Each structure stands twice: as structure tokens, then as C-alpha cells.
>>> print(open('model-v3.pdb').read())   # PDB, C-alpha atoms and all ligand atoms
MODEL        1
ATOM      1  CA  ALA V   1      -4.053 -11.271 -17.204  1.00  0.00           C
ATOM      2  CA  GLY V   2      -2.990  -7.652 -17.228  1.00  0.00           C
ATOM      3  CA  ASN V   3      -0.204  -5.962 -15.375  1.00  0.00           C
ATOM      4  CA  ARG V   4       0.726  -5.621 -11.742  1.00  0.00           C
ATOM      5  CA  THR V   5       0.833  -3.245  -8.839  1.00  0.00           C
ATOM      6  CA  PHE V   6       2.008  -3.543  -5.262  1.00  0.00           C
ATOM      7  CA  THR V   7       0.033  -2.643  -2.143  1.00  0.00           C
ATOM      8  CA  MET V   8       0.358  -2.608   1.608  1.00  0.00           C
ATOM      9  CA  ILE V   9      -2.531  -2.464   4.058  1.00  0.00           C
ATOM     10  CA  LYS V  10      -0.868  -0.187   6.601  1.00  0.00           C
ATOM     11  CA  PRO V  11      -0.684  -0.574  10.414  1.00  0.00           C
ATOM     12  CA  ASP V  12      -3.580   1.843  11.066  1.00  0.00           C
ATOM     13  CA  ALA V  13      -5.995  -0.189   8.934  1.00  0.00           C
ATOM     14  CA  VAL V  14      -4.781  -3.505  10.371  1.00  0.00           C
ATOM     15  CA  LYS V  15      -5.225  -2.195  13.953  1.00  0.00           C
ATOM     16  CA  ALA V  16      -8.717  -0.907  13.106  1.00  0.00           C
ATOM     17  CA  GLY V  17      -9.769  -4.375  11.937  1.00  0.00           C
ATOM     18  CA  ASN V  18     -10.142  -3.428   8.280  1.00  0.00           C
ATOM     19  CA  ILE V  19      -7.995  -6.064   6.520  1.00  0.00           C
ATOM     20  CA  GLY V  20     -11.089  -7.984   5.397  1.00  0.00           C
ATOM     21  CA  ASN V  21     -13.033  -4.904   4.271  1.00  0.00           C
ATOM     22  CA  ILE V  22     -10.091  -3.610   2.249  1.00  0.00           C
ATOM     23  CA  LEU V  23      -9.320  -6.975   0.628  1.00  0.00           C
ATOM     24  CA  GLN V  24     -13.019  -7.229  -0.320  1.00  0.00           C
ATOM     25  CA  MET V  25     -12.856  -3.821  -2.034  1.00  0.00           C
ATOM     26  CA  ILE V  26      -9.684  -4.886  -3.849  1.00  0.00           C
ATOM     27  CA  THR V  27     -11.187  -8.118  -5.189  1.00  0.00           C
ATOM     28  CA  ASP V  28     -14.531  -6.417  -5.969  1.00  0.00           C
ATOM     29  CA  GLY V  29     -12.463  -3.900  -7.953  1.00  0.00           C
ATOM     30  CA  GLY V  30     -11.315  -6.692 -10.254  1.00  0.00           C
ATOM     31  CA  PHE V  31      -7.810  -7.181  -8.898  1.00  0.00           C
ATOM     32  CA  GLU V  32      -6.394 -10.686  -8.686  1.00  0.00           C
ATOM     33  CA  ILE V  33      -4.059 -11.413  -5.749  1.00  0.00           C
ATOM     34  CA  LYS V  34      -0.796 -12.931  -7.037  1.00  0.00           C
ATOM     35  CA  ALA V  35       1.132 -12.823  -3.743  1.00  0.00           C
ATOM     36  CA  MET V  36       0.261 -11.862  -0.188  1.00  0.00           C
ATOM     37  CA  LYS V  37       1.857 -11.851   3.271  1.00  0.00           C
ATOM     38  CA  TYR V  38       1.123 -10.628   6.805  1.00  0.00           C
ATOM     39  CA  THR V  39       4.283  -9.223   8.322  1.00  0.00           C
ATOM     40  CA  GLN V  40       5.790  -6.430  10.394  1.00  0.00           C
ATOM     41  CA  LEU V  41       8.461  -4.280   8.779  1.00  0.00           C
ATOM     42  CA  THR V  42      11.747  -3.759  10.574  1.00  0.00           C
ATOM     43  CA  GLU V  43      13.108  -0.224  10.813  1.00  0.00           C
ATOM     44  CA  GLU V  44      15.753  -1.181   8.247  1.00  0.00           C
ATOM     45  CA  GLN V  45      13.132  -2.486   5.791  1.00  0.00           C
ATOM     46  CA  ALA V  46      10.887   0.578   6.172  1.00  0.00           C
ATOM     47  CA  LYS V  47      13.834   2.955   5.685  1.00  0.00           C
ATOM     48  CA  GLU V  48      14.879   1.127   2.537  1.00  0.00           C
ATOM     49  CA  PHE V  49      11.348   0.840   1.127  1.00  0.00           C
ATOM     50  CA  TYR V  50      10.773   4.590   1.595  1.00  0.00           C
ATOM     51  CA  ALA V  51      14.359   5.687   0.796  1.00  0.00           C
ATOM     52  CA  VAL V  52      13.020   7.927  -1.991  1.00  0.00           C
ATOM     53  CA  HIS V  53      11.411  10.045   0.762  1.00  0.00           C
ATOM     54  CA  SER V  54      14.508  10.184   3.008  1.00  0.00           C
ATOM     55  CA  GLU V  55      14.944  13.951   2.608  1.00  0.00           C
ATOM     56  CA  ARG V  56      11.294  14.723   3.344  1.00  0.00           C
ATOM     57  CA  PRO V  57      10.373  16.222   6.734  1.00  0.00           C
ATOM     58  CA  PHE V  58       7.924  13.358   7.388  1.00  0.00           C
ATOM     59  CA  TYR V  59      10.415  10.524   6.728  1.00  0.00           C
ATOM     60  CA  GLY V  60      11.065   9.723  10.411  1.00  0.00           C
ATOM     61  CA  GLU V  61       7.369   9.761  11.210  1.00  0.00           C
ATOM     62  CA  LEU V  62       6.635   7.595   8.157  1.00  0.00           C
ATOM     63  CA  VAL V  63       9.215   4.954   9.160  1.00  0.00           C
ATOM     64  CA  GLU V  64       7.976   4.967  12.761  1.00  0.00           C
ATOM     65  CA  PHE V  65       4.364   4.543  11.654  1.00  0.00           C
ATOM     66  CA  MET V  66       5.076   1.826   9.095  1.00  0.00           C
ATOM     67  CA  THR V  67       6.944  -0.233  11.726  1.00  0.00           C
ATOM     68  CA  SER V  68       4.337   0.358  14.467  1.00  0.00           C
ATOM     69  CA  GLY V  69       2.411  -2.864  13.781  1.00  0.00           C
ATOM     70  CA  PRO V  70       1.771  -5.573  11.221  1.00  0.00           C
ATOM     71  CA  ILE V  71       0.905  -4.880   7.594  1.00  0.00           C
ATOM     72  CA  VAL V  72      -0.460  -6.928   4.701  1.00  0.00           C
ATOM     73  CA  ALA V  73       1.733  -6.740   1.584  1.00  0.00           C
ATOM     74  CA  ALA V  74       0.377  -7.953  -1.759  1.00  0.00           C
ATOM     75  CA  ILE V  75       1.038  -8.073  -5.479  1.00  0.00           C
ATOM     76  CA  LEU V  76      -2.146  -7.423  -7.490  1.00  0.00           C
ATOM     77  CA  GLU V  77      -2.890  -8.020 -11.156  1.00  0.00           C
ATOM     78  CA  LYS V  78      -5.415  -6.321 -13.446  1.00  0.00           C
ATOM     79  CA  ASP V  79      -5.465  -4.510 -16.776  1.00  0.00           C
ATOM     80  CA  ASN V  80      -4.137  -0.998 -16.101  1.00  0.00           C
ATOM     81  CA  ALA V  81      -3.304  -2.101 -12.547  1.00  0.00           C
ATOM     82  CA  VAL V  82      -1.257   0.881 -11.312  1.00  0.00           C
ATOM     83  CA  ALA V  83      -3.683   3.620 -12.401  1.00  0.00           C
ATOM     84  CA  ASP V  84      -6.831   1.649 -11.570  1.00  0.00           C
ATOM     85  CA  PHE V  85      -5.539   0.825  -8.099  1.00  0.00           C
ATOM     86  CA  ARG V  86      -4.717   4.466  -7.429  1.00  0.00           C
ATOM     87  CA  SER V  87      -8.307   5.314  -8.424  1.00  0.00           C
ATOM     88  CA  LEU V  88      -9.623   2.658  -6.039  1.00  0.00           C
ATOM     89  CA  ILE V  89      -7.560   3.900  -3.086  1.00  0.00           C
ATOM     90  CA  GLY V  90      -8.105   7.642  -3.648  1.00  0.00           C
ATOM     91  CA  ALA V  91      -5.900  10.647  -2.892  1.00  0.00           C
ATOM     92  CA  THR V  92      -2.954  10.361  -0.464  1.00  0.00           C
ATOM     93  CA  ASN V  93      -4.743  12.802   1.840  1.00  0.00           C
ATOM     94  CA  PRO V  94      -8.067  11.171   2.804  1.00  0.00           C
ATOM     95  CA  ALA V  95      -9.635  14.635   3.123  1.00  0.00           C
ATOM     96  CA  GLU V  96      -9.167  14.928  -0.652  1.00  0.00           C
ATOM     97  CA  ALA V  97     -10.139  11.345  -1.506  1.00  0.00           C
ATOM     98  CA  ASP V  98     -13.268  10.685  -3.583  1.00  0.00           C
ATOM     99  CA  GLU V  99     -16.347   9.048  -2.086  1.00  0.00           C
ATOM    100  CA  GLY V 100     -16.232   5.278  -2.294  1.00  0.00           C
ATOM    101  CA  THR V 101     -12.438   5.037  -2.251  1.00  0.00           C
ATOM    102  CA  ILE V 102     -10.532   2.950   0.297  1.00  0.00           C
ATOM    103  CA  ARG V 103      -8.860   6.000   1.840  1.00  0.00           C
ATOM    104  CA  LYS V 104     -12.136   7.921   2.075  1.00  0.00           C
ATOM    105  CA  LYS V 105     -13.608   5.016   4.022  1.00  0.00           C
ATOM    106  CA  TYR V 106     -10.691   3.841   6.124  1.00  0.00           C
ATOM    107  CA  ALA V 107      -7.868   6.439   6.284  1.00  0.00           C
ATOM    108  CA  SER V 108      -7.585   9.044   9.005  1.00  0.00           C
ATOM    109  CA  SER V 109      -4.771  11.363   7.868  1.00  0.00           C
ATOM    110  CA  VAL V 110      -2.148  11.908   5.165  1.00  0.00           C
ATOM    111  CA  GLY V 111       0.327   9.886   7.239  1.00  0.00           C
ATOM    112  CA  GLU V 112      -2.029   7.181   8.505  1.00  0.00           C
ATOM    113  CA  ASN V 113      -3.716   6.593   5.184  1.00  0.00           C
ATOM    114  CA  ALA V 114      -4.676   2.904   5.353  1.00  0.00           C
ATOM    115  CA  VAL V 115      -3.068   1.670   2.128  1.00  0.00           C
ATOM    116  CA  HIS V 116      -0.097   2.078  -0.188  1.00  0.00           C
ATOM    117  CA  GLY V 117      -0.283   1.802  -3.952  1.00  0.00           C
ATOM    118  CA  SER V 118       2.663   1.907  -6.378  1.00  0.00           C
ATOM    119  CA  ASP V 119       2.905   5.076  -8.476  1.00  0.00           C
ATOM    120  CA  SER V 120       4.345   3.512 -11.675  1.00  0.00           C
ATOM    121  CA  ASP V 121       4.891   0.154 -13.369  1.00  0.00           C
ATOM    122  CA  GLU V 122       8.607   0.498 -12.643  1.00  0.00           C
ATOM    123  CA  ASN V 123       8.047   1.063  -8.922  1.00  0.00           C
ATOM    124  CA  ALA V 124       5.432  -1.711  -8.790  1.00  0.00           C
ATOM    125  CA  LYS V 125       8.136  -4.152  -9.913  1.00  0.00           C
ATOM    126  CA  ILE V 126      10.762  -2.768  -7.518  1.00  0.00           C
ATOM    127  CA  GLU V 127       8.344  -2.789  -4.576  1.00  0.00           C
ATOM    128  CA  GLY V 128       6.947  -6.265  -5.353  1.00  0.00           C
ATOM    129  CA  ASP V 129      10.481  -7.652  -5.631  1.00  0.00           C
ATOM    130  CA  PHE V 130      11.390  -5.970  -2.332  1.00  0.00           C
ATOM    131  CA  HIS V 131       8.714  -7.925  -0.450  1.00  0.00           C
ATOM    132  CA  PHE V 132       8.413 -11.206  -2.378  1.00  0.00           C
ATOM    133  CA  SER V 133      10.761 -13.790  -3.835  1.00  0.00           C
ATOM    134  CA  ALA V 134       9.792 -15.477  -7.115  1.00  0.00           C
ATOM    135  CA  ASP V 135       8.530 -18.633  -5.361  1.00  0.00           C
ATOM    136  CA  GLU V 136       6.069 -16.581  -3.276  1.00  0.00           C
ATOM    137  CA  VAL V 137       4.219 -15.336  -6.371  1.00  0.00           C
ATOM    138  CA  VAL V 138       1.589 -17.581  -7.962  1.00  0.00           C
ATOM    139  CA  ALA V 139       1.540 -18.131 -11.709  1.00  0.00           C
TER     140      ALA V 139
HETATM  141  P1  LIG V 201       2.572   6.100   0.392  1.00  0.00           P
HETATM  142  O1  LIG V 201       1.840   6.195  -0.886  1.00  0.00           O
HETATM  143  O2  LIG V 201       2.659   4.802   1.070  1.00  0.00           O
HETATM  144  O3  LIG V 201       4.052   6.621   0.159  1.00  0.00           O
HETATM  145  C1  LIG V 201       4.628   7.716   0.830  1.00  0.00           C
HETATM  146  C2  LIG V 201       3.917   8.008   2.084  1.00  0.00           C
HETATM  147  O4  LIG V 201       4.348   9.135   2.775  1.00  0.00           O
HETATM  148  C3  LIG V 201       2.473   8.296   1.777  1.00  0.00           C
HETATM  149  O5  LIG V 201       1.842   7.104   1.421  1.00  0.00           O
HETATM  150  C4  LIG V 201       1.995   8.929   3.067  1.00  0.00           C
HETATM  151  O6  LIG V 201       1.497   7.985   3.984  1.00  0.00           O
HETATM  152  C5  LIG V 201       3.265   9.540   3.591  1.00  0.00           C
HETATM  153  N1  LIG V 201       3.161  10.980   3.547  1.00  0.00           N
HETATM  154  C6  LIG V 201       3.052  11.754   2.454  1.00  0.00           C
HETATM  155  N2  LIG V 201       2.960  13.045   2.810  1.00  0.00           N
HETATM  156  C7  LIG V 201       3.007  13.077   4.160  1.00  0.00           C
HETATM  157  C8  LIG V 201       2.966  14.106   5.118  1.00  0.00           C
HETATM  158  N3  LIG V 201       2.850  15.384   4.752  1.00  0.00           N
HETATM  159  N4  LIG V 201       3.038  13.776   6.418  1.00  0.00           N
HETATM  160  C9  LIG V 201       3.172  12.476   6.786  1.00  0.00           C
HETATM  161  N5  LIG V 201       3.223  11.443   5.905  1.00  0.00           N
HETATM  162  C10 LIG V 201       3.145  11.759   4.623  1.00  0.00           C
ENDMDL
END
>>> encode(input="model-v3.pdb", output="C-alpha cells", more="lines below")
Ligand code: CMP
Amino acid sequence: AGNRTFTMIKPDAVKAGNIGNILQMITDGGFEIKAMKYTQLTEEQAKEFYAVHSERPFYGELVEFMTSGPIVAAILEKDNAVADFRSLIGATNPAEADEGTIRKKYASSVGENAVHGSDSDENAKIEGDFHFSADEVVA
């Protein structure tokens, strides 16, 4: 029950061997996994997913990083999912992230920041639909 958010465990965290640790923190945080896949984004997919940032100076770097290795994409459900997940992951810049957050523990920089979390219910739906078809989401 509740509402949904979308996350990716990013290439830095996958390479560092932290998929299991991060999924444990997510489930310990009360989130239910409704869909999940291990995949590597193509350049086209990363550009489209991050199109909102296409005018930012870091867009090229962001696309390059997000395609640099496999990721874990997931749809998560919990009451107040979007805001609670952003609390669990911490600030975009790990230097500003609170103790005990996923980014404080596992992120190394503002670019290589271990996890993505949707910033609104609307974007959670768009991002979840981008990565998953209806038959890949459990009831
Ligand atoms: P995410 O929440 O996945 O969505 C946008 C991403 O852009 C963000 O995480 C960061 O990883 C990245 N980002 C934001 N600011 C910067 C920056 N100044 N330099 C590099 N990457 C950035």
C-alpha cells in the first residue's frame, strides 16, 4: 500500500559491490519492491531519461557516467514514497548528505552519487514507465 517512487542504483555503486547493501537499506526503510531489473543504459536511453538536464554543463558527463556500467532500476512502494526515499538517500552532493543516508555511506561525488530517486509523484510515474512495462510490475 502507499504510493510509488523510482530508483536506480548507479554504475559507481554497482562497481563498488554495493547493490546488496543498498537494497538492504531500501527494504529496511520500509519500501516494497514492485519491479526491478539489472541492465545497462544505452546512450540514447540515458539522454532521454535525463533530457530535463540537457542544457546543464554536466549533461555530457552525466550521460557518460550513467552508461559506463550496469545499473539496478526499481519501482518502490511506501506511504509518502517520494519524500521518504529522498530522506533515505540524502542530499545529491554526498558531502551534504546526513549521516546514515545511502549517499553518505556509498556516494563519492555529486556526479557519482550511488543512487537516483524521483523528485515528484509525476516524475516517479514517468521514470517508472520509462524503464518498465506493465507486465514487469507486480500487483
Ligand atoms: P539524479 O538525482 O540522478 O539526477 C540528476 C543527476 O545529475 C544527479 O542525480 C547527479 O548525479 C547529477 N548532477 C547534478 N549536479 C551535478 C554536477 N554539478 N556535476 C555532475 N553531475 C551532477
>>> residues_around(input="model-v3.pdb", residues="Gly69 of chain V", least_positions_apart="4", cutoff="12 Å", atoms="all atoms listed in the file", output="compact mmCIF listing (two decimals) with C-alpha atoms, in the frame of the given file")
# COMPACT_ATOMS: atom_id res chain seq x y z
CA ILE V 9 -2.53 -2.46 4.06
CA LYS V 10 -0.87 -0.19 6.60
CA PRO V 11 -0.68 -0.57 10.41
CA ASP V 12 -3.58 1.84 11.07
CA ALA V 13 -6.00 -0.19 8.93
CA VAL V 14 -4.78 -3.50 10.37
CA LYS V 15 -5.22 -2.19 13.95
CA ALA V 16 -8.72 -0.91 13.11
CA TYR V 38 1.12 -10.63 6.80
CA THR V 39 4.28 -9.22 8.32
CA GLN V 40 5.79 -6.43 10.39
CA LEU V 41 8.46 -4.28 8.78
CA THR V 42 11.75 -3.76 10.57
CA GLU V 43 13.11 -0.22 10.81
CA ALA V 46 10.89 0.58 6.17
CA VAL V 63 9.22 4.95 9.16
CA GLU V 64 7.98 4.97 12.76
CA PHE V 65 4.36 4.54 11.65
>>> resolve_selection(input="model-v3.pdb", expression="the PyMOL selection byres (((chain V and resi 105) around 10) and not hetatm)", output="list in words")
Asn21, Ile22, Ile89, Gly90, Pro94, Ala97, Asp98, Glu99, Gly100, Thr101, Ile102, Arg103, Lys104, Tyr106, Ala107, Ser108 and Ala114 of chain V
>>> residues_near_ligand(input="model-v3.pdb", ligand="ligand LIG 201 (chain V)", cutoff="12 Å", atoms="all atoms listed in the file", output="PyMOL selection string")
chain V and resi 6-12+46-47+49-66+71+73+85-86+89-94+103+107-120+123-124+127
>>> write_last_selection(input="model-v3.pdb", atoms="C-alpha atoms", output="short mmCIF file (atom, residue, chain, number, x, y, z; two decimals), in the coordinates of the input")
data_model
loop_
_atom_site.label_atom_id
_atom_site.label_comp_id
_atom_site.auth_asym_id
_atom_site.auth_seq_id
_atom_site.Cartn_x
_atom_site.Cartn_y
_atom_site.Cartn_z
CA PHE V 6 2.01 -3.54 -5.26
CA THR V 7 0.03 -2.64 -2.14
CA MET V 8 0.36 -2.61 1.61
CA ILE V 9 -2.53 -2.46 4.06
CA LYS V 10 -0.87 -0.19 6.60
CA PRO V 11 -0.68 -0.57 10.41
CA ASP V 12 -3.58 1.84 11.07
CA ALA V 46 10.89 0.58 6.17
CA LYS V 47 13.83 2.96 5.68
CA PHE V 49 11.35 0.84 1.13
CA TYR V 50 10.77 4.59 1.60
CA ALA V 51 14.36 5.69 0.80
CA VAL V 52 13.02 7.93 -1.99
CA HIS V 53 11.41 10.04 0.76
CA SER V 54 14.51 10.18 3.01
CA GLU V 55 14.94 13.95 2.61
CA ARG V 56 11.29 14.72 3.34
CA PRO V 57 10.37 16.22 6.73
CA PHE V 58 7.92 13.36 7.39
CA TYR V 59 10.42 10.52 6.73
CA GLY V 60 11.06 9.72 10.41
CA GLU V 61 7.37 9.76 11.21
CA LEU V 62 6.64 7.60 8.16
CA VAL V 63 9.22 4.95 9.16
CA GLU V 64 7.98 4.97 12.76
CA PHE V 65 4.36 4.54 11.65
CA MET V 66 5.08 1.83 9.10
CA ILE V 71 0.90 -4.88 7.59
CA ALA V 73 1.73 -6.74 1.58
CA PHE V 85 -5.54 0.82 -8.10
CA ARG V 86 -4.72 4.47 -7.43
CA ILE V 89 -7.56 3.90 -3.09
CA GLY V 90 -8.10 7.64 -3.65
CA ALA V 91 -5.90 10.65 -2.89
CA THR V 92 -2.95 10.36 -0.46
CA ASN V 93 -4.74 12.80 1.84
CA PRO V 94 -8.07 11.17 2.80
CA ARG V 103 -8.86 6.00 1.84
CA ALA V 107 -7.87 6.44 6.28
CA SER V 108 -7.58 9.04 9.01
CA SER V 109 -4.77 11.36 7.87
CA VAL V 110 -2.15 11.91 5.16
CA GLY V 111 0.33 9.89 7.24
CA GLU V 112 -2.03 7.18 8.51
CA ASN V 113 -3.72 6.59 5.18
CA ALA V 114 -4.68 2.90 5.35
CA VAL V 115 -3.07 1.67 2.13
CA HIS V 116 -0.10 2.08 -0.19
CA GLY V 117 -0.28 1.80 -3.95
CA SER V 118 2.66 1.91 -6.38
CA ASP V 119 2.90 5.08 -8.48
CA SER V 120 4.34 3.51 -11.68
CA ASN V 123 8.05 1.06 -8.92
CA ALA V 124 5.43 -1.71 -8.79
CA GLU V 127 8.34 -2.79 -4.58
#
>>> atom_distance(input="model-v3.pdb", atom1="atom CA of Arg4 of chain V", atom2="atom CA of Asp135 of chain V")
16.5 Å
>>> atom_distance(input="model-v3.pdb", atom1="atom CA of Ile33 of chain V", atom2="atom CA of Gln45 of chain V")
22.5 Å
>>> closest_residue(input="model-v3.pdb", among="V:Lys37, V:Ala134, V:Ala95, V:Thr5", to="Leu76 of chain V", atoms="all atoms listed in the file")
V:Thr5
>>> resolve_selection(input="model-v3.pdb", expression="the PyMOL selection byres (((chain V and resi 137-139) around 8) and not hetatm)", output="list in words")
Lys34, Ala35, Ile75, Phe132, Ser133, Ala134, Asp135 and Glu136 of chain V
>>> atom_distance(input="model-v3.pdb", atom1="atom CA of Lys78 of chain V", atom2="atom CA of Gly30 of chain V")
6.7 Å
>>> closest_residue(input="model-v3.pdb", among="V:Leu88, V:Ile26, V:Glu32, V:Glu44", to="Thr67 of chain V", atoms="only C-alpha atoms")
V:Glu44
>>> axis_aligned_box(input="model-v3.pdb", around="segment 24-35 of chain V", padding_each_side="8 Å", output="JSON")
{"center_x": -6.7, "center_y": -8.4, "center_z": -5.3, "size_x": 31.7, "size_y": 25.1, "size_z": 25.9}
>>> closest_residue(input="model-v3.pdb", among="V:Ser68, V:Gln24, V:Asn3, V:Asn18", to="Ala83 of chain V", atoms="only C-alpha atoms")
V:Asn3
>>> build_atoms(input="model-v3.pdb", residues="segment 9-23 of chain V", atoms="N, CA and C atoms", output="PDB file, keeping the file's coordinate frame")
ATOM      1  N   ILE V   9      -1.530  -2.933   3.103  1.00  0.00           N
ATOM      2  CA  ILE V   9      -2.531  -2.464   4.058  1.00  0.00           C
ATOM      3  C   ILE V   9      -1.728  -2.056   5.286  1.00  0.00           C
ATOM      4  N   LYS V  10      -1.792  -0.769   5.623  1.00  0.00           N
ATOM      5  CA  LYS V  10      -0.868  -0.187   6.601  1.00  0.00           C
ATOM      6  C   LYS V  10      -1.312  -0.466   8.044  1.00  0.00           C
ATOM      7  N   PRO V  11      -0.390  -0.226   9.017  1.00  0.00           N
ATOM      8  CA  PRO V  11      -0.684  -0.574  10.414  1.00  0.00           C
ATOM      9  C   PRO V  11      -1.974   0.032  10.968  1.00  0.00           C
ATOM     10  N   ASP V  12      -2.340   1.236  10.543  1.00  0.00           N
ATOM     11  CA  ASP V  12      -3.580   1.843  11.066  1.00  0.00           C
ATOM     12  C   ASP V  12      -4.798   1.022  10.677  1.00  0.00           C
ATOM     13  N   ALA V  13      -4.849   0.572   9.421  1.00  0.00           N
ATOM     14  CA  ALA V  13      -5.995  -0.189   8.934  1.00  0.00           C
ATOM     15  C   ALA V  13      -6.029  -1.600   9.516  1.00  0.00           C
ATOM     16  N   VAL V  14      -4.841  -2.189   9.730  1.00  0.00           N
ATOM     17  CA  VAL V  14      -4.781  -3.505  10.371  1.00  0.00           C
ATOM     18  C   VAL V  14      -5.302  -3.396  11.807  1.00  0.00           C
ATOM     19  N   LYS V  15      -4.808  -2.383  12.551  1.00  0.00           N
ATOM     20  CA  LYS V  15      -5.225  -2.195  13.953  1.00  0.00           C
ATOM     21  C   LYS V  15      -6.724  -1.946  14.060  1.00  0.00           C
ATOM     22  N   ALA V  16      -7.284  -1.241  13.080  1.00  0.00           N
ATOM     23  CA  ALA V  16      -8.717  -0.907  13.106  1.00  0.00           C
ATOM     24  C   ALA V  16      -9.600  -2.081  12.685  1.00  0.00           C
ATOM     25  N   GLY V  17      -8.974  -3.197  12.296  1.00  0.00           N
ATOM     26  CA  GLY V  17      -9.769  -4.375  11.937  1.00  0.00           C
ATOM     27  C   GLY V  17     -10.297  -4.347  10.519  1.00  0.00           C
ATOM     28  N   ASN V  18      -9.617  -3.614   9.637  1.00  0.00           N
ATOM     29  CA  ASN V  18     -10.142  -3.428   8.280  1.00  0.00           C
ATOM     30  C   ASN V  18      -9.438  -4.237   7.192  1.00  0.00           C
ATOM     31  N   ILE V  19      -8.638  -5.239   7.557  1.00  0.00           N
ATOM     32  CA  ILE V  19      -7.995  -6.064   6.520  1.00  0.00           C
ATOM     33  C   ILE V  19      -9.060  -6.673   5.603  1.00  0.00           C
ATOM     34  N   GLY V  20     -10.062  -7.292   6.193  1.00  0.00           N
ATOM     35  CA  GLY V  20     -11.089  -7.984   5.397  1.00  0.00           C
ATOM     36  C   GLY V  20     -11.862  -7.025   4.507  1.00  0.00           C
ATOM     37  N   ASN V  21     -12.273  -5.890   5.066  1.00  0.00           N
ATOM     38  CA  ASN V  21     -13.033  -4.904   4.271  1.00  0.00           C
ATOM     39  C   ASN V  21     -12.213  -4.415   3.087  1.00  0.00           C
ATOM     40  N   ILE V  22     -10.937  -4.150   3.322  1.00  0.00           N
ATOM     41  CA  ILE V  22     -10.091  -3.610   2.249  1.00  0.00           C
ATOM     42  C   ILE V  22      -9.809  -4.680   1.191  1.00  0.00           C
ATOM     43  N   LEU V  23      -9.534  -5.912   1.620  1.00  0.00           N
ATOM     44  CA  LEU V  23      -9.320  -6.975   0.628  1.00  0.00           C
ATOM     45  C   LEU V  23     -10.584  -7.203  -0.200  1.00  0.00           C
TER      46      LEU V  23
END
